[in-house]
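A.B. asks: Here you go, one structure.
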Amino acid sequence: FLYFIDRSMMVASSGTLVVALAVVATVVACSGVEVTVPSFTDSPTPFPHFWKRCFGSGHARLALRADWQDQLREMREELGIERVRFHGIFDDDMSVVLDSVGNYEFFNVDQVYKPMVKMGVKPIVELSFMPALLAGCNPYKQNGRDCPTVMHYNGIVTPPTNFSQWTDLVQNFAQHLVDVFGVEEVRTWHFEVWNELWGMPYPTQYLQLYDASRAAIKAVDSQLQIGGPVTMQCQYISEFVSDRAGQFDFVSTHLYPTDPNCTA
């Protein structure tokens, strides 16, 4: 139902918007809930199309699917979506780090980002999660140290055994993006460091990861945009701003509106 209202507001005149609101009022009234529909004047208040800015979409491997790309194209054409964010661009199912540290393959990365850029959609690049070789663990639990993971796709959430290896990965990744898409395009993207501090407690481990990531991104081009702390519910925002003053291009957090703790 909300999708219907959004599309109506996208393509309709103010008259259609009144009809849509009337339908909302009718549906809510039938449920026994009171609703107030605002009156319209000759000087209406602009309604920001916030849903166009960005949507979240699971993990990177999903973006390799043709049906995912078709749905993104529809959202771009009909809703005007501007950006997409997802987890796991470095997950082992993306085959970025191969059989040895420093041996990278960005074929799947290109298959994810090229269709998006062609559609005019900007990636919000979440630098995550930790490749098993950098984490020093075995994701298949056959031998060696088990990997701490999240989600059904087993994103590895642990610091690297050597932060210089993470810096090397991120720098080569960013350089590849610039080589493929051009520096002017990539300057319009946003690079986020990690997600919700999973396995990277604030401040020590997270800031160490942030510093290594920032050094890598800025080594490629000083105008590439990177930020953090990529928390939920505005956690650690003030601390991050204080701890890394002047060392971020944006501050990033996200909310879950259905969470009873959401007060923002």
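Here's how to read the names in the structure tokens: chain A, B, ... by the order shown, residue numbers from 1 in each chain, ligand numbers from 1 in the order shown.
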With range 94-104 of chain A as the partner and 10 Å as the cut-off, tabulate the residues of range 139-254 of chain A that qualify, each row holding the nearest pair of atoms and their distance in Å to one decimal, using only C-alpha atoms, sorted by chain and rising number, as a Markdown table.

C.D. replies:
```
| residue | atom | partner | partner_atom | distance |
| --- | --- | --- | --- | --- |
| A:Gln165 | CA | A:Val101 | CA | 7.3 |
| A:Trp166 | CA | A:Val101 | CA | 9.5 |
| A:Asp168 | CA | A:Gly102 | CA | 7.3 |
| A:Leu169 | CA | A:Gly102 | CA | 7.0 |
| A:Asn172 | CA | A:Tyr104 | CA | 8.2 |
| A:Phe173 | CA | A:Tyr104 | CA | 8.6 |
```

A.B. asks: Among the residues of range 117-232 of chain A, find those DSSP assigns to strand (DSSP E) from the backbone and print them as number ranges by chain.

C.D. replies: A: 122-127, 149-150, 155-156, 190-193, 225-232

A.B. asks: Would you save the residues from that selection as a PDB file, in the first residue's frame, using C-alpha atoms?

C.D. replies:
```pdb
ATOM      1  CA  LYS A 122      25.845   5.660  -6.888  1.00  0.00           C
ATOM      2  CA  PRO A 123      27.185   2.943  -4.577  1.00  0.00           C
ATOM      3  CA  ILE A 124      27.593   3.509  -0.885  1.00  0.00           C
ATOM      4  CA  VAL A 125      30.596   1.233  -0.505  1.00  0.00           C
ATOM      5  CA  GLU A 126      30.661  -0.525   2.841  1.00  0.00           C
ATOM      6  CA  LEU A 127      34.213  -1.763   3.365  1.00  0.00           C
ATOM      7  CA  THR A 149      30.604 -14.728  11.415  1.00  0.00           C
ATOM      8  CA  VAL A 150      27.302 -12.922  10.960  1.00  0.00           C
ATOM      9  CA  GLY A 155      30.436 -12.506   6.805  1.00  0.00           C
ATOM     10  CA  ILE A 156      33.602 -12.685   8.923  1.00  0.00           C
ATOM     11  CA  HIS A 190      30.789   7.234  -0.239  1.00  0.00           C
ATOM     12  CA  PHE A 191      33.097   4.713   1.434  1.00  0.00           C
ATOM     13  CA  GLU A 192      31.894   3.519   4.831  1.00  0.00           C
ATOM     14  CA  VAL A 193      34.205   1.632   7.175  1.00  0.00           C
ATOM     15  CA  GLN A 225      35.032  10.373   0.506  1.00  0.00           C
ATOM     16  CA  ILE A 226      35.323   8.139   3.553  1.00  0.00           C
ATOM     17  CA  GLY A 227      33.523   8.181   6.882  1.00  0.00           C
ATOM     18  CA  GLY A 228      32.233   6.305   9.923  1.00  0.00           C
ATOM     19  CA  PRO A 229      31.398   5.063  12.460  1.00  0.00           C
ATOM     20  CA  VAL A 230      28.561   3.325  10.558  1.00  0.00           C
ATOM     21  CA  THR A 231      26.705   2.498  13.759  1.00  0.00           C
ATOM     22  CA  MET A 232      23.039   1.905  14.461  1.00  0.00           C
TER      23      MET A 232
END
```

A.B. asks: Determine the nearest neighbour of Pro159 in chain A from the options A:Cys147, A:Val112, A:Met130, A:Cys54, counting only C-alpha atoms.

C.D. replies: A:Met130

A.B. asks: What are the DSSP helix (DSSP H, G or I) residues of range 31-168 of chain A, as JSON, numbers by chain?

C.D. replies: {"A": [50, 51, 52, 60, 61, 62, 63, 64, 66, 67, 68, 69, 70, 71, 72, 73, 74, 75, 76, 77, 78, 79, 92, 93, 94, 107, 108, 109, 110, 111, 112, 113, 114, 115, 116, 117, 118, 119, 132, 133, 134, 135, 163, 164, 165, 166, 167, 168]}

A.B. asks: Using only C-alpha atoms, I'd like a table of the residues in range 179-205 of chain A that come within 9 Å of range 76-88 of chain A; for each, show the closest atom pair and its distance in Å rounded to one decimal, ordered by chain and ascending number, as a Markdown table.

C.D. replies:
```
| residue | atom | partner | partner_atom | distance |
| --- | --- | --- | --- | --- |
| A:Trp189 | CA | A:Arg83 | CA | 8.9 |
| A:Trp194 | CA | A:His87 | CA | 8.4 |
| A:Asn195 | CA | A:His87 | CA | 7.7 |
```

A.B. asks: Next, write the just-selected residues to a file, as a PDB file, in the first residue's frame, keeping N, CA and C atoms as the atom set.

C.D. replies:
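Full text of result23.pdb as output:
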```
ATOM      1  N   TRP A 189      31.128   8.785  -4.831  1.00  0.00           N
ATOM      2  CA  TRP A 189      30.699   7.663  -4.015  1.00  0.00           C
ATOM      3  C   TRP A 189      31.041   7.942  -2.552  1.00  0.00           C
ATOM      4  N   TRP A 194      33.175  -0.529   7.574  1.00  0.00           N
ATOM      5  CA  TRP A 194      32.528  -1.592   8.340  1.00  0.00           C
ATOM      6  C   TRP A 194      31.038  -1.331   8.528  1.00  0.00           C
ATOM      7  N   ASN A 195      30.428  -2.099   9.455  1.00  0.00           N
ATOM      8  CA  ASN A 195      29.007  -1.978   9.752  1.00  0.00           C
ATOM      9  C   ASN A 195      28.739  -2.289  11.219  1.00  0.00           C
TER      10      ASN A 195
END
```

A.B. asks: Nearest to Asp221 in chain A among A:Trp198, A:Gln208, A:Val178, A:Arg65, with distances taken over only C-alpha atoms: which residue is it?

C.D. replies: A:Val178

A.B. asks: Pick out the closest residue to Leu207 in chain A from this set: A:Val241, A:Gln223, A:Arg187, A:Val180. Count only C-alpha atoms.

C.D. replies: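 Using only C-alpha atoms, Leu207 in chain A sits closest to A:Val241.
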
A.B. asks: Rounded to one decimal place, report the CA of Thr161 in chain A-CA of Met200 in chain A distance in Å.

C.D. replies: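 Interatomic distance here is 12.9 Å.
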
A.B. asks: Between A:Gln171, A:His254, A:His152, A:Met116, which residue has the minimum interatomic distance to Glu196 in chain A, considering only C-alpha atoms?

C.D. replies: A:His254
